[in-house]
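Chemist: So here's input_10.pdb (PDB, C-alpha atoms).
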```
ATOM      1  CA  MET M  14      -1.054  17.198 -25.353  1.00  0.00           C
ATOM      2  CA  THR M  15      -2.384  20.661 -26.144  1.00  0.00           C
ATOM      3  CA  TYR M  16      -1.877  22.506 -22.881  1.00  0.00           C
ATOM      4  CA  LEU M  17       1.595  21.026 -22.327  1.00  0.00           C
ATOM      5  CA  GLU M  18       3.086  23.050 -25.215  1.00  0.00           C
ATOM      6  CA  THR M  19       2.562  26.347 -23.432  1.00  0.00           C
ATOM      7  CA  LEU M  20       4.597  25.355 -20.377  1.00  0.00           C
ATOM      8  CA  PRO M  21       7.727  27.387 -19.647  1.00  0.00           C
ATOM      9  CA  ALA M  22      10.910  25.378 -19.238  1.00  0.00           C
ATOM     10  CA  TRP M  23      11.323  26.161 -15.534  1.00  0.00           C
ATOM     11  CA  ILE M  24       8.011  24.355 -14.897  1.00  0.00           C
ATOM     12  CA  ALA M  25       8.496  21.520 -17.386  1.00  0.00           C
ATOM     13  CA  LEU M  26      11.956  20.498 -16.181  1.00  0.00           C
ATOM     14  CA  PRO M  27      11.097  19.930 -12.459  1.00  0.00           C
ATOM     15  CA  VAL M  28       7.825  18.213 -13.402  1.00  0.00           C
ATOM     16  CA  ALA M  29       9.637  15.868 -15.791  1.00  0.00           C
ATOM     17  CA  PHE M  30      12.347  15.220 -13.198  1.00  0.00           C
ATOM     18  CA  PHE M  31       9.858  14.278 -10.476  1.00  0.00           C
ATOM     19  CA  LEU M  32       7.858  12.112 -12.897  1.00  0.00           C
ATOM     20  CA  VAL M  33      10.954  10.162 -13.954  1.00  0.00           C
ATOM     21  CA  LEU M  34      12.130   9.851 -10.337  1.00  0.00           C
ATOM     22  CA  GLY M  35       8.781   8.546  -9.086  1.00  0.00           C
ATOM     23  CA  ALA M  36       8.265   6.107 -11.942  1.00  0.00           C
ATOM     24  CA  THR M  37      11.829   4.747 -11.665  1.00  0.00           C
ATOM     25  CA  LEU M  38      11.568   4.202  -7.925  1.00  0.00           C
ATOM     26  CA  THR M  39       8.218   2.432  -8.293  1.00  0.00           C
ATOM     27  CA  LEU M  40       9.648   0.173 -10.989  1.00  0.00           C
ATOM     28  CA  LEU M  41      12.692  -0.635  -8.830  1.00  0.00           C
ATOM     29  CA  GLY M  42      10.425  -1.511  -5.907  1.00  0.00           C
ATOM     30  CA  THR M  43       8.409  -3.974  -7.961  1.00  0.00           C
ATOM     31  CA  VAL M  44      11.581  -5.499  -9.440  1.00  0.00           C
ATOM     32  CA  GLY M  45      12.584  -6.174  -5.831  1.00  0.00           C
ATOM     33  CA  LEU M  46       9.141  -7.649  -5.197  1.00  0.00           C
ATOM     34  CA  ALA M  47       9.575 -10.053  -8.096  1.00  0.00           C
ATOM     35  CA  ARG M  48      13.188 -11.016  -7.458  1.00  0.00           C
ATOM     36  CA  LEU M  49      13.767 -11.263  -3.693  1.00  0.00           C
ATOM     37  CA  HIS M  50      13.672 -14.738  -2.192  1.00  0.00           C
ATOM     38  CA  SER M  51      11.936 -14.643   1.168  1.00  0.00           C
ATOM     39  CA  PHE M  52       8.550 -13.124   1.936  1.00  0.00           C
ATOM     40  CA  TYR M  53       9.971 -10.993   4.726  1.00  0.00           C
ATOM     41  CA  ASP M  54      12.452  -9.494   2.253  1.00  0.00           C
ATOM     42  CA  ARG M  55       9.745  -8.943  -0.323  1.00  0.00           C
ATOM     43  CA  LEU M  56       7.661  -7.038   2.219  1.00  0.00           C
ATOM     44  CA  HIS M  57      10.177  -4.181   2.159  1.00  0.00           C
ATOM     45  CA  ALA M  58      10.542  -3.721  -1.594  1.00  0.00           C
ATOM     46  CA  PRO M  59       7.195  -2.169  -2.697  1.00  0.00           C
ATOM     47  CA  THR M  60       7.394   0.496   0.018  1.00  0.00           C
ATOM     48  CA  LEU M  61       9.942   2.194  -2.258  1.00  0.00           C
ATOM     49  CA  GLY M  62       7.008   2.874  -4.560  1.00  0.00           C
ATOM     50  CA  THR M  63       4.634   3.978  -1.834  1.00  0.00           C
ATOM     51  CA  SER M  64       7.099   6.427  -0.266  1.00  0.00           C
ATOM     52  CA  TRP M  65       9.169   8.383  -2.803  1.00  0.00           C
ATOM     53  CA  GLY M  66       7.613   6.818  -5.893  1.00  0.00           C
ATOM     54  CA  ALA M  67       4.182   8.153  -5.017  1.00  0.00           C
ATOM     55  CA  ALA M  68       5.653  11.366  -3.585  1.00  0.00           C
ATOM     56  CA  GLY M  69       7.520  12.168  -6.809  1.00  0.00           C
ATOM     57  CA  ILE M  70       4.542  11.622  -9.080  1.00  0.00           C
ATOM     58  CA  LEU M  71       2.135  13.475  -6.789  1.00  0.00           C
ATOM     59  CA  LEU M  72       4.621  16.356  -6.445  1.00  0.00           C
ATOM     60  CA  ALA M  73       4.903  16.587 -10.247  1.00  0.00           C
ATOM     61  CA  SER M  74       1.117  16.619 -10.580  1.00  0.00           C
ATOM     62  CA  MET M  75       0.863  19.260  -7.845  1.00  0.00           C
ATOM     63  CA  ILE M  76       3.397  21.593  -9.512  1.00  0.00           C
ATOM     64  CA  LEU M  77       1.821  21.216 -12.948  1.00  0.00           C
ATOM     65  CA  VAL M  78      -1.806  21.685 -11.873  1.00  0.00           C
ATOM     66  CA  SER M  79      -0.855  24.635  -9.662  1.00  0.00           C
ATOM     67  CA  TRP M  80       0.778  26.375 -12.630  1.00  0.00           C
ATOM     68  CA  THR M  81      -2.119  25.543 -14.954  1.00  0.00           C
ATOM     69  CA  GLU M  82      -4.799  26.784 -12.568  1.00  0.00           C
ATOM     70  CA  GLY M  83      -2.818  29.840 -11.488  1.00  0.00           C
ATOM     71  CA  ARG M  84      -3.273  29.066  -7.787  1.00  0.00           C
ATOM     72  CA  ALA M  85      -1.926  26.543  -5.288  1.00  0.00           C
ATOM     73  CA  VAL M  86      -3.748  23.242  -5.818  1.00  0.00           C
ATOM     74  CA  LEU M  87      -2.974  20.876  -2.960  1.00  0.00           C
ATOM     75  CA  HIS M  88      -5.499  18.087  -3.625  1.00  0.00           C
ATOM     76  CA  GLU M  89      -2.718  15.564  -4.237  1.00  0.00           C
ATOM     77  CA  LEU M  90      -1.636  15.965  -0.627  1.00  0.00           C
ATOM     78  CA  VAL M  91      -4.784  14.035   0.335  1.00  0.00           C
ATOM     79  CA  ILE M  92      -3.561  10.951  -1.532  1.00  0.00           C
ATOM     80  CA  GLY M  93      -0.018  11.448  -0.245  1.00  0.00           C
ATOM     81  CA  ILE M  94      -0.984  11.716   3.413  1.00  0.00           C
ATOM     82  CA  PHE M  95      -3.433   8.830   3.107  1.00  0.00           C
ATOM     83  CA  LEU M  96      -0.753   6.628   1.543  1.00  0.00           C
ATOM     84  CA  MET M  97       1.772   7.672   4.184  1.00  0.00           C
ATOM     85  CA  ILE M  98      -0.633   6.669   6.979  1.00  0.00           C
ATOM     86  CA  THR M  99      -2.021   3.437   5.535  1.00  0.00           C
ATOM     87  CA  THR M 100       1.116   1.793   4.106  1.00  0.00           C
ATOM     88  CA  PRO M 101       2.808   1.060   7.479  1.00  0.00           C
ATOM     89  CA  VAL M 102      -0.509  -0.271   8.794  1.00  0.00           C
ATOM     90  CA  THR M 103      -1.008  -2.704   5.922  1.00  0.00           C
ATOM     91  CA  MET M 104       2.622  -3.846   5.848  1.00  0.00           C
ATOM     92  CA  MET M 105       2.686  -4.395   9.616  1.00  0.00           C
ATOM     93  CA  PHE M 106      -0.589  -6.314   9.435  1.00  0.00           C
ATOM     94  CA  LEU M 107       0.557  -8.438   6.500  1.00  0.00           C
ATOM     95  CA  GLY M 108       3.860  -9.214   8.221  1.00  0.00           C
ATOM     96  CA  ARG M 109       2.075 -10.315  11.373  1.00  0.00           C
ATOM     97  CA  ALA M 110      -0.272 -12.486   9.323  1.00  0.00           C
ATOM     98  CA  ALA M 111       2.677 -14.176   7.611  1.00  0.00           C
ATOM     99  CA  LEU M 112       4.451 -14.667  10.961  1.00  0.00           C
ATOM    100  CA  HIS M 113       1.288 -16.185  12.452  1.00  0.00           C
ATOM    101  CA  ARG M 114       0.917 -18.609   9.558  1.00  0.00           C
ATOM    102  CA  ASP M 115       4.615 -19.552   9.658  1.00  0.00           C
ATOM    103  CA  ARG M 116       4.454 -20.233  13.414  1.00  0.00           C
ATOM    104  CA  ILE M 117       1.376 -22.433  12.995  1.00  0.00           C
ATOM    105  CA  GLU M 118       3.067 -24.456  10.262  1.00  0.00           C
ATOM    106  CA  GLY M 119       6.334 -24.676  12.201  1.00  0.00           C
ATOM    107  CA  THR M 120       8.580 -23.242   9.495  1.00  0.00           C
ATOM    108  CA  PRO M 121      12.229 -23.423  10.613  1.00  0.00           C
ATOM    109  CA  GLY M 122      14.026 -20.161  11.265  1.00  0.00           C
ATOM    110  CA  ILE M 123      10.956 -18.312  12.528  1.00  0.00           C
ATOM    111  CA  PRO M 124      11.255 -16.768  16.014  1.00  0.00           C
ATOM    112  CA  GLY M 125       8.733 -18.075  18.506  1.00  0.00           C
ATOM    113  CA  ALA M 126       6.065 -16.107  20.328  1.00  0.00           C
ATOM    114  CA  VAL M 127       7.206 -13.962  23.251  1.00  0.00           C
ATOM    115  CA  ALA M 128       5.240 -13.907  26.501  1.00  0.00           C
ATOM    116  CA  ARG M 129       3.648 -10.503  27.010  1.00  0.00           C
ATOM    117  CA  SER M 130       2.216  -9.083  30.195  1.00  0.00           C
ATOM    118  CA  ASP M 131      -0.933  -7.694  28.564  1.00  0.00           C
ATOM    119  CA  VAL M 132      -1.949 -10.731  26.516  1.00  0.00           C
ATOM    120  CA  PRO M 133      -2.647 -14.074  28.212  1.00  0.00           C
ATOM    121  CA  ILE M 134      -0.769 -16.939  26.602  1.00  0.00           C
ATOM    122  CA  GLY M 135      -3.505 -19.576  26.628  1.00  0.00           C
ATOM    123  CA  PRO M 136      -7.186 -19.667  27.513  1.00  0.00           C
ATOM    124  CA  VAL M 137      -7.751 -19.052  31.222  1.00  0.00           C
ATOM    125  CA  SER M 138      -9.273 -22.118  32.880  1.00  0.00           C
ATOM    126  CA  PRO M 139     -12.966 -21.531  33.604  1.00  0.00           C
ATOM    127  CA  PRO M 140     -14.277 -21.636  37.181  1.00  0.00           C
ATOM    128  CA  GLU M 141     -15.638 -25.002  38.165  1.00  0.00           C
ATOM    129  CA  GLY M 142     -19.200 -26.276  38.159  1.00  0.00           C
ATOM    130  CA  GLU M 143     -22.217 -24.354  39.301  1.00  0.00           C
ATOM    131  CA  ALA M 144     -20.253 -22.108  41.630  1.00  0.00           C
ATOM    132  CA  ALA M 145     -19.401 -19.874  38.687  1.00  0.00           C
ATOM    133  CA  PHE M 146     -23.042 -19.071  38.010  1.00  0.00           C
ATOM    134  CA  ALA M 147     -24.395 -19.039  41.576  1.00  0.00           C
ATOM    135  CA  ASP M 148     -26.011 -15.901  42.867  1.00  0.00           C
ATOM    136  CA  PRO M 149     -23.795 -14.395  45.561  1.00  0.00           C
ATOM    137  CA  ALA M 150     -26.923 -13.440  47.549  1.00  0.00           C
ATOM    138  CA  ASP M 151     -27.744 -17.034  48.571  1.00  0.00           C
ATOM    139  CA  ALA M 152     -24.215 -18.023  49.426  1.00  0.00           C
ATOM    140  CA  PRO M 153     -24.038 -19.962  52.708  1.00  0.00           C
ATOM    141  CA  GLY M 154     -22.529 -18.375  55.729  1.00  0.00           C
ATOM    142  CA  GLU M 155     -23.154 -15.035  57.398  1.00  0.00           C
ATOM    143  CA  ASP M 156     -26.809 -14.580  58.456  1.00  0.00           C
TER     144      ASP M 156
ATOM    145  CA  MET S  10      11.054  22.163 -26.158  1.00  0.00           C
ATOM    146  CA  SER S  11       9.009  21.819 -23.024  1.00  0.00           C
ATOM    147  CA  ALA S  12       6.388  19.803 -24.904  1.00  0.00           C
ATOM    148  CA  LEU S  13       9.104  17.367 -25.998  1.00  0.00           C
ATOM    149  CA  VAL S  14      10.501  17.052 -22.453  1.00  0.00           C
ATOM    150  CA  MET S  15       7.045  16.547 -21.010  1.00  0.00           C
ATOM    151  CA  SER S  16       5.985  13.969 -23.598  1.00  0.00           C
ATOM    152  CA  LEU S  17       9.211  12.013 -23.086  1.00  0.00           C
ATOM    153  CA  ALA S  18       8.861  12.077 -19.299  1.00  0.00           C
ATOM    154  CA  LEU S  19       5.167  11.169 -19.422  1.00  0.00           C
ATOM    155  CA  GLY S  20       5.789   8.324 -21.858  1.00  0.00           C
ATOM    156  CA  TYR S  21       8.643   6.973 -19.766  1.00  0.00           C
ATOM    157  CA  ALA S  22       6.576   7.216 -16.572  1.00  0.00           C
ATOM    158  CA  GLN S  23       3.628   5.423 -18.150  1.00  0.00           C
ATOM    159  CA  ILE S  24       5.778   2.607 -19.533  1.00  0.00           C
ATOM    160  CA  ALA S  25       7.684   2.187 -16.251  1.00  0.00           C
ATOM    161  CA  LEU S  26       4.478   2.128 -14.203  1.00  0.00           C
ATOM    162  CA  ALA S  27       2.882  -0.374 -16.585  1.00  0.00           C
ATOM    163  CA  LEU S  28       5.940  -2.629 -16.222  1.00  0.00           C
ATOM    164  CA  ALA S  29       5.729  -2.214 -12.454  1.00  0.00           C
ATOM    165  CA  ALA S  30       2.070  -3.241 -12.515  1.00  0.00           C
ATOM    166  CA  CYS S  31       3.037  -6.294 -14.585  1.00  0.00           C
ATOM    167  CA  LEU S  32       5.639  -7.316 -11.981  1.00  0.00           C
ATOM    168  CA  GLY S  33       3.074  -6.864  -9.194  1.00  0.00           C
ATOM    169  CA  GLY S  34       0.663  -8.980 -11.220  1.00  0.00           C
ATOM    170  CA  TYR S  35       3.373 -11.629 -11.623  1.00  0.00           C
ATOM    171  CA  ARG S  36       3.655 -11.891  -7.827  1.00  0.00           C
ATOM    172  CA  LEU S  37      -0.139 -11.943  -7.605  1.00  0.00           C
ATOM    173  CA  LEU S  38      -0.439 -14.853 -10.045  1.00  0.00           C
ATOM    174  CA  TYR S  39       2.621 -16.964  -9.203  1.00  0.00           C
ATOM    175  CA  GLY S  40       3.312 -16.028  -5.572  1.00  0.00           C
ATOM    176  CA  PRO S  41       4.222 -19.229  -3.780  1.00  0.00           C
ATOM    177  CA  ARG S  42       1.992 -18.525  -0.777  1.00  0.00           C
ATOM    178  CA  ALA S  43      -1.136 -16.566   0.032  1.00  0.00           C
ATOM    179  CA  GLN S  44       0.661 -13.662   1.702  1.00  0.00           C
ATOM    180  CA  ASP S  45       2.785 -13.144  -1.423  1.00  0.00           C
ATOM    181  CA  ARG S  46      -0.384 -12.846  -3.464  1.00  0.00           C
ATOM    182  CA  VAL S  47      -1.834 -10.287  -1.060  1.00  0.00           C
ATOM    183  CA  LEU S  48       1.402  -8.274  -1.218  1.00  0.00           C
ATOM    184  CA  GLY S  49       1.298  -8.425  -5.023  1.00  0.00           C
ATOM    185  CA  LEU S  50      -2.306  -7.199  -4.993  1.00  0.00           C
ATOM    186  CA  ASP S  51      -1.376  -4.264  -2.745  1.00  0.00           C
ATOM    187  CA  THR S  52       1.517  -3.329  -5.038  1.00  0.00           C
ATOM    188  CA  PHE S  53      -0.778  -3.612  -8.042  1.00  0.00           C
ATOM    189  CA  TYR S  54      -3.278  -1.234  -6.436  1.00  0.00           C
ATOM    190  CA  VAL S  55      -0.638   1.399  -5.630  1.00  0.00           C
ATOM    191  CA  THR S  56       0.920   1.174  -9.086  1.00  0.00           C
ATOM    192  CA  ALA S  57      -2.436   1.455 -10.831  1.00  0.00           C
ATOM    193  CA  MET S  58      -3.209   4.506  -8.701  1.00  0.00           C
ATOM    194  CA  LEU S  59       0.052   6.191  -9.752  1.00  0.00           C
ATOM    195  CA  LEU S  60      -0.644   5.262 -13.382  1.00  0.00           C
ATOM    196  CA  PHE S  61      -4.009   6.992 -13.126  1.00  0.00           C
ATOM    197  CA  VAL S  62      -2.345  10.139 -11.772  1.00  0.00           C
ATOM    198  CA  VAL S  63       0.160  10.162 -14.664  1.00  0.00           C
ATOM    199  CA  THR S  64      -2.616   9.598 -17.208  1.00  0.00           C
ATOM    200  CA  GLY S  65      -4.528  12.475 -15.624  1.00  0.00           C
ATOM    201  CA  ILE S  66      -1.498  14.726 -16.135  1.00  0.00           C
ATOM    202  CA  ARG S  67      -1.238  13.681 -19.774  1.00  0.00           C
ATOM    203  CA  VAL S  68      -4.922  14.166 -20.548  1.00  0.00           C
ATOM    204  CA  GLY S  69      -5.320  17.247 -18.371  1.00  0.00           C
ATOM    205  CA  SER S  70      -8.559  16.102 -16.742  1.00  0.00           C
ATOM    206  CA  PRO S  71      -9.304  16.223 -13.001  1.00  0.00           C
ATOM    207  CA  PHE S  72     -11.437  13.060 -13.052  1.00  0.00           C
ATOM    208  CA  PHE S  73      -8.452  10.726 -13.098  1.00  0.00           C
ATOM    209  CA  PHE S  74      -7.368  12.234  -9.794  1.00  0.00           C
ATOM    210  CA  GLU S  75     -10.692  11.322  -8.168  1.00  0.00           C
ATOM    211  CA  ALA S  76     -10.445   7.800  -9.562  1.00  0.00           C
ATOM    212  CA  ALA S  77      -6.923   7.543  -8.127  1.00  0.00           C
ATOM    213  CA  MET S  78      -8.202   8.566  -4.699  1.00  0.00           C
ATOM    214  CA  VAL S  79     -10.928   5.905  -4.797  1.00  0.00           C
ATOM    215  CA  ILE S  80      -8.387   3.259  -5.881  1.00  0.00           C
ATOM    216  CA  GLY S  81      -6.126   4.217  -2.956  1.00  0.00           C
ATOM    217  CA  VAL S  82      -8.906   3.820  -0.393  1.00  0.00           C
ATOM    218  CA  LEU S  83     -10.101   0.533  -1.916  1.00  0.00           C
ATOM    219  CA  GLY S  84      -6.559  -0.847  -1.950  1.00  0.00           C
ATOM    220  CA  PHE S  85      -6.097  -0.141   1.741  1.00  0.00           C
ATOM    221  CA  VAL S  86      -9.418  -1.785   2.668  1.00  0.00           C
ATOM    222  CA  ALA S  87      -8.740  -4.806   0.444  1.00  0.00           C
ATOM    223  CA  THR S  88      -5.275  -5.442   1.853  1.00  0.00           C
ATOM    224  CA  VAL S  89      -6.319  -5.064   5.479  1.00  0.00           C
ATOM    225  CA  SER S  90      -9.304  -7.362   5.093  1.00  0.00           C
ATOM    226  CA  LEU S  91      -7.219  -9.982   3.278  1.00  0.00           C
ATOM    227  CA  ALA S  92      -4.546  -9.855   5.982  1.00  0.00           C
ATOM    228  CA  LYS S  93      -7.274 -10.234   8.610  1.00  0.00           C
ATOM    229  CA  PHE S  94      -8.550 -13.241   6.690  1.00  0.00           C
ATOM    230  CA  LEU S  95      -5.064 -14.760   6.659  1.00  0.00           C
ATOM    231  CA  ILE S  96      -4.757 -14.376  10.423  1.00  0.00           C
ATOM    232  CA  ARG S  97      -8.207 -15.410  11.618  1.00  0.00           C
ATOM    233  CA  GLY S  98      -9.789 -17.404   8.797  1.00  0.00           C
ATOM    234  CA  GLU S  99     -12.721 -14.992   8.517  1.00  0.00           C
ATOM    235  CA  VAL S 100     -13.048 -11.270   7.997  1.00  0.00           C
ATOM    236  CA  ILE S 101     -15.948 -10.272  10.240  1.00  0.00           C
ATOM    237  CA  GLU S 102     -16.509 -12.387  13.334  1.00  0.00           C
TER     238      GLU S 102
END
```
Any chance you could put this one into structure tokens?

Modeler:
Amino acid sequence: MTYLETLPAWIALPVAFFLVLGATLTLLGTVGLARLHSFYDRLHAPTLGTSWGAAGILLASMILVSWTEGRAVLHELVIGIFLMITTPVTMMFLGRAALHRDRIEGTPGIPGAVARSDVPIGPVSPPEGEAAFADPADAPGED
Amino acid sequence: MSALVMSLALGYAQIALALAACLGGYRLLYGPRAQDRVLGLDTFYVTAMLLFVVTGIRVGSPFFFEAAMVIGVLGFVATVSLAKFLIRGEVIE
């Protein structure tokens, strides 16, 4: 708490604003996580914290450290960009995992699988008997 | 005056993030199904990372920032591997 007393007000006020904004949005996201009823609703709530919650706190840290060091310090952008890339991946993956488990258990109200052209629906039936492993060189016929 | 504003904002941010981590931990402990627990763990990771950043601002040390970066990477790997486990039943096949 020593170096914070030398801050001018035009630095302290935006930093405090972004800190309060980020912390409030993160808290609201986790309140949604605790209170919503279905898993697919709950999946949306914590992304409030990973988007503007994290952005506010990292922006506050960036402004403050840049003023303290006397140069532009952009290290927090690493965390921000990493979070921005990885959060949709994890949420998408977790949603697909939940959908897969719900389809296996037959939960009502879950949409069924859709046939896709690039993914075969079931296992393709294997070729029969020894013909699958025969060498094409000693096939009967043309000689 | 700026010290007062900053200490109020930092205290509020730390308390709010600690409460947020508690709510994520609630979903981690009492989530009705496995995917709820994984979602709670992911939220817990992100909130702890933000709490480390705020604590780093308060203390004025750059080491908390490095710890926050490590926590972010570990959280991503943990959540993806747990989701893979929920889909396939094993992580590496």

Chemist: What do you get, as number ranges by chain, if you spell out every residue that the PyMOL selection byres ((chain S) within 8 of (chain M)) selects here?

Modeler: S: 10-12, 14-16, 18-19, 21-23, 25-26, 28-30, 32-33, 35-36, 44-45, 48-49, 52, 55-56, 59, 62-63, 66-69, 74, 78, 81, 85, 88-89, 92-93, 95-96

Chemist: If you measure from CA of Arg84 in chain M to CA of Gly69 in chain M, what distance in Å do you get, rounded to one decimal?

Modeler: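 We find that CA of Arg84 in chain M and CA of Gly69 in chain M lie 20.1 Å from each other.
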
Chemist: By how many Å are CA of Met58 in chain S and CA of Ala77 in chain S apart?

Modeler: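 Atom-to-atom, CA of Met58 in chain S to CA of Ala77 in chain S, that is 4.8 Å.
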
Chemist: Would you compute the distance between CA of Leu50 in chain S and CA of Ala87 in chain S? Give it in Å to one decimal.

Modeler: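 Computing the Euclidean distance for CA of Leu50 in chain S and CA of Ala87 in chain S yields 8.8 Å.
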
Chemist: Let me know the centre plus edge lengths, in Å and rounded to one decimal, of a box with edges along x, y and z that contains all listed atoms of range 27-30 of chain M and is padded by 6 Å on every side, as lines of an AutoDock Vina configuration file.

Modeler:
```
center_x = 10.1
center_y = 17.6
center_z = -14.1
size_x = 16.5
size_y = 16.7
size_z = 15.3
```

Chemist: Can you rebuild range 67-90 of chain S with N, CA and C atoms and give it as a PDB file, in the frame of the given file?

Modeler:
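Result written to result.pdb:
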```pdb
ATOM      1  N   ARG S  67      -1.356  13.663 -18.311  1.00  0.00           N
ATOM      2  CA  ARG S  67      -1.238  13.681 -19.774  1.00  0.00           C
ATOM      3  C   ARG S  67      -2.523  14.193 -20.424  1.00  0.00           C
ATOM      4  N   VAL S  68      -3.664  13.770 -19.921  1.00  0.00           N
ATOM      5  CA  VAL S  68      -4.922  14.166 -20.548  1.00  0.00           C
ATOM      6  C   VAL S  68      -5.341  15.571 -20.093  1.00  0.00           C
ATOM      7  N   GLY S  69      -4.934  15.940 -18.874  1.00  0.00           N
ATOM      8  CA  GLY S  69      -5.320  17.247 -18.371  1.00  0.00           C
ATOM      9  C   GLY S  69      -6.721  17.286 -17.815  1.00  0.00           C
ATOM     10  N   SER S  70      -7.199  16.148 -17.272  1.00  0.00           N
ATOM     11  CA  SER S  70      -8.559  16.102 -16.742  1.00  0.00           C
ATOM     12  C   SER S  70      -8.509  15.808 -15.249  1.00  0.00           C
ATOM     13  N   PRO S  71      -9.354  16.461 -14.443  1.00  0.00           N
ATOM     14  CA  PRO S  71      -9.304  16.223 -13.001  1.00  0.00           C
ATOM     15  C   PRO S  71      -9.983  14.927 -12.562  1.00  0.00           C
ATOM     16  N   PHE S  72     -10.668  14.231 -13.478  1.00  0.00           N
ATOM     17  CA  PHE S  72     -11.437  13.060 -13.052  1.00  0.00           C
ATOM     18  C   PHE S  72     -10.537  11.878 -12.728  1.00  0.00           C
ATOM     19  N   PHE S  73      -9.374  11.815 -13.402  1.00  0.00           N
ATOM     20  CA  PHE S  73      -8.452  10.726 -13.098  1.00  0.00           C
ATOM     21  C   PHE S  73      -7.941  10.822 -11.674  1.00  0.00           C
ATOM     22  N   PHE S  74      -7.822  12.065 -11.174  1.00  0.00           N
ATOM     23  CA  PHE S  74      -7.368  12.234  -9.794  1.00  0.00           C
ATOM     24  C   PHE S  74      -8.377  11.648  -8.808  1.00  0.00           C
ATOM     25  N   GLU S  75      -9.660  11.877  -9.057  1.00  0.00           N
ATOM     26  CA  GLU S  75     -10.692  11.322  -8.168  1.00  0.00           C
ATOM     27  C   GLU S  75     -10.678   9.800  -8.220  1.00  0.00           C
ATOM     28  N   ALA S  76     -10.513   9.258  -9.429  1.00  0.00           N
ATOM     29  CA  ALA S  76     -10.445   7.800  -9.562  1.00  0.00           C
ATOM     30  C   ALA S  76      -9.243   7.255  -8.796  1.00  0.00           C
ATOM     31  N   ALA S  77      -8.116   7.987  -8.852  1.00  0.00           N
ATOM     32  CA  ALA S  77      -6.923   7.543  -8.127  1.00  0.00           C
ATOM     33  C   ALA S  77      -7.172   7.530  -6.626  1.00  0.00           C
ATOM     34  N   MET S  78      -7.907   8.529  -6.135  1.00  0.00           N
ATOM     35  CA  MET S  78      -8.202   8.566  -4.699  1.00  0.00           C
ATOM     36  C   MET S  78      -9.047   7.371  -4.278  1.00  0.00           C
ATOM     37  N   VAL S  79     -10.062   7.054  -5.101  1.00  0.00           N
ATOM     38  CA  VAL S  79     -10.928   5.905  -4.797  1.00  0.00           C
ATOM     39  C   VAL S  79     -10.116   4.609  -4.811  1.00  0.00           C
ATOM     40  N   ILE S  80      -9.209   4.477  -5.797  1.00  0.00           N
ATOM     41  CA  ILE S  80      -8.387   3.259  -5.881  1.00  0.00           C
ATOM     42  C   ILE S  80      -7.508   3.131  -4.638  1.00  0.00           C
ATOM     43  N   GLY S  81      -6.956   4.272  -4.161  1.00  0.00           N
ATOM     44  CA  GLY S  81      -6.126   4.217  -2.956  1.00  0.00           C
ATOM     45  C   GLY S  81      -6.894   3.720  -1.749  1.00  0.00           C
ATOM     46  N   VAL S  82      -8.109   4.249  -1.547  1.00  0.00           N
ATOM     47  CA  VAL S  82      -8.906   3.820  -0.393  1.00  0.00           C
ATOM     48  C   VAL S  82      -9.278   2.349  -0.509  1.00  0.00           C
ATOM     49  N   LEU S  83      -9.696   1.931  -1.724  1.00  0.00           N
ATOM     50  CA  LEU S  83     -10.101   0.533  -1.916  1.00  0.00           C
ATOM     51  C   LEU S  83      -8.924  -0.412  -1.707  1.00  0.00           C
ATOM     52  N   GLY S  84      -7.725   0.005  -2.138  1.00  0.00           N
ATOM     53  CA  GLY S  84      -6.559  -0.847  -1.950  1.00  0.00           C
ATOM     54  C   GLY S  84      -6.249  -1.069  -0.486  1.00  0.00           C
ATOM     55  N   PHE S  85      -6.348   0.002   0.304  1.00  0.00           N
ATOM     56  CA  PHE S  85      -6.097  -0.141   1.741  1.00  0.00           C
ATOM     57  C   PHE S  85      -7.099  -1.110   2.384  1.00  0.00           C
ATOM     58  N   VAL S  86      -8.396  -0.920   2.060  1.00  0.00           N
ATOM     59  CA  VAL S  86      -9.418  -1.785   2.668  1.00  0.00           C
ATOM     60  C   VAL S  86      -9.226  -3.238   2.230  1.00  0.00           C
ATOM     61  N   ALA S  87      -8.909  -3.440   0.942  1.00  0.00           N
ATOM     62  CA  ALA S  87      -8.740  -4.806   0.444  1.00  0.00           C
ATOM     63  C   ALA S  87      -7.574  -5.490   1.136  1.00  0.00           C
ATOM     64  N   THR S  88      -6.451  -4.799   1.266  1.00  0.00           N
ATOM     65  CA  THR S  88      -5.275  -5.442   1.853  1.00  0.00           C
ATOM     66  C   THR S  88      -5.496  -5.748   3.329  1.00  0.00           C
ATOM     67  N   VAL S  89      -6.112  -4.806   4.054  1.00  0.00           N
ATOM     68  CA  VAL S  89      -6.319  -5.064   5.479  1.00  0.00           C
ATOM     69  C   VAL S  89      -7.285  -6.210   5.689  1.00  0.00           C
ATOM     70  N   SER S  90      -8.358  -6.271   4.876  1.00  0.00           N
ATOM     71  CA  SER S  90      -9.304  -7.362   5.093  1.00  0.00           C
ATOM     72  C   SER S  90      -8.694  -8.703   4.693  1.00  0.00           C
TER      73      SER S  90
END
```
